[in-house]
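The structure appears right after this line, and notes come after that.
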Amino acid sequence: MNATMVITVLGIVVIALVGVSGRRAPSKELGEWTVGKRRFSTFTTWFLQAGESFTTFSFLGLAGLAFGAGVAASYALCYLAINFVLQYFTAPRMRELGLRGGYLTQADFFVDRYRSPLLGKVVAVVGAVFLLPYLQLQITGLGMIVQLATGSRTGGNWSMVLATVLTVGFVLWSGIRGIARVAYLKDALMIVGLVVLVVGVAVSVNGGIPGTFTTIRDAHPSLLTLDQEGYDSTFFVTAVIISSIGGGLGTMAHLWPPVLAAGSGRALRSNAVWLPLYQIALGIPVIVGFAGVLLLSKDAAPNSVALTLAGQTLPGWLVGLVAVAAASAAMVPSAAIVVGISSLLSRNLFPARTARAQLRTNHVCVVAAAALALVLGLLRPGLLADMLLLTYGGLTQLAPAIVMGLAKRVRLSAVPALLGIVVGVGVLTWLTFGGGVEVGTVDTGLIALGVNVVVTVVAQVLVGDRRAERERAVEAVGARLG
């Protein structure tokens with residue numbers, strides 16, 4: 001076992017131990033485990049929100065996208081910034097409603113605001129199904145990180161198993177407090193890892209970072225435009241829109257616990273103002289991707305660019321440090337996603353009669369969700385890869401109902417909201433997997449969202465007409481009796 005593997009494995013264990021240390025006392029009910037006592041400080045909420053927004057995509061995906069598609073990779077910087085602008089307005093309102101209604105999950109919001117347990121169950125199913133591939137992505141990405149850093153596929157697989165078991169362990173033991181504790185460490189590791197990586201790249205390219213872009217401008221000018229095949233301006237705009245809606249309007253269930261656990265709306269607004277500073281750090285993988293164009297073969301796998309460059313430019317122990325940082329960027333979101341999925345299932349789909357039974361059901365769901373994602377990641381890594389295309393687009397179908405539910409008075413009925421979600425998800429699935437439908441580089445989630453809105457509006461008009469007819473009939477009967 002080389003130094004890189006030793007440092008990586010030890011780092012993963014340390015991350016889990018930090019998570020275990022987050023527990024104050026045994027959780028006796030799901031509320032304490034999921035949202036604490038709803039008094040998290042601005043500082044803690046900051047790291048929770050950042051920890052769940054910056055994932056393995058920050059290390060592997062962005063560098064790979066810049067390597068293959070050039071400046072189109074900057075769409076991630078755009079949509080994350082817009083996310084926080086939207087969250088400035090939506091997150092405090094979600095927290096206010098959650099405090100008033102005792103929400104623990106995203107689906108609780110739908111049950112309360114639309115007075116429809118059925119809608120809550122549908123949202124729970126949609127949330128769990130579309131978050132599962134996102135969980136599998138984090139676990140598979142962690143295995144890829146270790147494999148690329150150490151050169152051992154077996155080591156990568158065992159690291160996936162180890163990290164998943166340890167993540168489940170500290171999540172079960174500490175709940176959201178453990179995630180918060182690990183998020184502190186994760187952000188520090190992420191910044192250090194990215195800085196080490198960019199310094200290694202800078203000293204390896206003639207002219208450093210400025211020289212990288214000068215050479216790209218002269219030798220690969222197309223990478224500085226939105227003219228790459230599959231990554232044109234249409235892709236860029238529609239991807240930014242759908243991703244901004246998905247994150248900014250709270251369509252992803254695992255983003256709700258940090259909001260519901262915040263001590264005040266002011267803390268959430270403050271974070272929305274300052275969290276975009278992380279975009280500075282996200283510029284580093286983009287630089288690394290451009291450097292990869294100059295230092296690696298054009299046939300290199302895009303997602304391997306960052307760690308391949310690390311292996312070529314850094315000593316083994318520093319490669320291990322970068323790998324640990326990347327692993328933390330997988331484990332924290334994995335923990336948050338597991339909490340999001342298990343809470344939806346135990347709270348809204350399989351409700352138990354007692355608090356103890358509900359917590360026990362939740363723990364079973366934690367183990368089941370993580371185990372399923374791990375097994376599929378090990379045995380059938382491509383099975384959920386296609387479904388990943390549906391994650392953002394599928395969850396974005398909840399956006400119209402969330403927006404209407406955030407209003408002071410909910411003017412949308414439960415049936416139109418339900419129909420819009422179901423039809424939107426159906427259209428997205430058909431467009432993605434049906435074949436024979438050419439939509440170019442337009443994000444299919446945006447097309448499905450358009451259909452969703454139309455169906456919701458038409459259904460609401462019909463429901464409104466029928467309600468008006470009933471009211472007129474009641475008035476007529478009252479007039480005759482009078």
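Residue names in the structure tokens use chain letters A, B, ... in the order shown, residue numbers from 1 in each chain, and ligand numbers from 1 in the order shown.
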message: Set the distance at 7 Å and use only C-alpha atoms: which residues neighbour range 224-239 of chain A once local chain neighbours fewer than 2 positions away are removed? I'd like the list as a ChimeraX atom specification.
response: /A:69-72,75,221-222,241-243,441-443,446
Considering only C-alpha atoms, give me a table of residues in range 239-327 of chain A that are at most 10 Å from range 122-137 of chain A, with the closest atom pair and distance in Å for each, as a Markdown table.
| residue | atom | partner | partner_atom | distance |
| --- | --- | --- | --- | --- |
| A:Thr251 | CA | A:Gly127 | CA | 8.3 |
| A:Met252 | CA | A:Gly127 | CA | 7.0 |
| A:Ala253 | CA | A:Gly127 | CA | 6.1 |
| A:His254 | CA | A:Leu131 | CA | 8.3 |
Written selection (N, CA, C and O atoms) as a CSV table (one decimal), in the first residue's frame:
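The file below, again.csv, is the result:
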chain,number,residue,atom,x,y,z
A,251,THR,N,-36.2,22.6,-4.7
A,251,THR,CA,-36.8,21.3,-5.3
A,251,THR,C,-36.1,20.1,-4.9
A,251,THR,O,-36.6,19.0,-5.0
A,252,MET,N,-34.8,20.2,-4.3
A,252,MET,CA,-34.1,19.0,-3.9
A,252,MET,C,-34.2,18.9,-2.4
A,252,MET,O,-33.9,19.7,-1.6
A,253,ALA,N,-34.8,17.7,-2.0
A,253,ALA,CA,-35.2,17.4,-0.7
A,253,ALA,C,-34.1,17.6,0.3
A,253,ALA,O,-34.3,18.0,1.5
A,254,HIS,N,-32.8,17.2,0.0
A,254,HIS,CA,-31.7,17.2,0.9
A,254,HIS,C,-31.3,18.6,1.3
A,254,HIS,O,-30.5,18.8,2.2
- request: Considering only C-alpha atoms, state which residue in the set A:Ser116, A:Gln49, A:Asn206, A:Thr313 is at the smallest distance from Ser413 in chain A.
  value: A:Ser116
- prompt: Near Val455 in chain A, counting only C-alpha atoms, which residues have an atom at most 9 Å away, once you skip same-chain residues fewer than 3 positions from it, shown as a ChimeraX atom specification?
  reply: /A:416-417,419-420,423-424,450-452,458-460
query: When distances are computed from only C-alpha atoms, which of A:Val85, A:Phe213, A:Glu52, A:Ser174 shows the smallest separation from Arg24 in chain A?
result: A:Ser174
All alpha helix (DSSP H) residues (DSSP, backbone) inside range 66-96 of chain A, as a list in words: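 These are the residues in question: Ala66, Phe67, Gly68, Ala69, Tyr75, Ala76, Leu77, Cys78, Tyr79, Leu80, Ala81, Ile82, Asn83, Phe84, Val85, Leu86, Gln87, Tyr88, Phe89, Thr90, Ala91, Pro92, Arg93, Met94, Arg95 and Glu96 of chain A.
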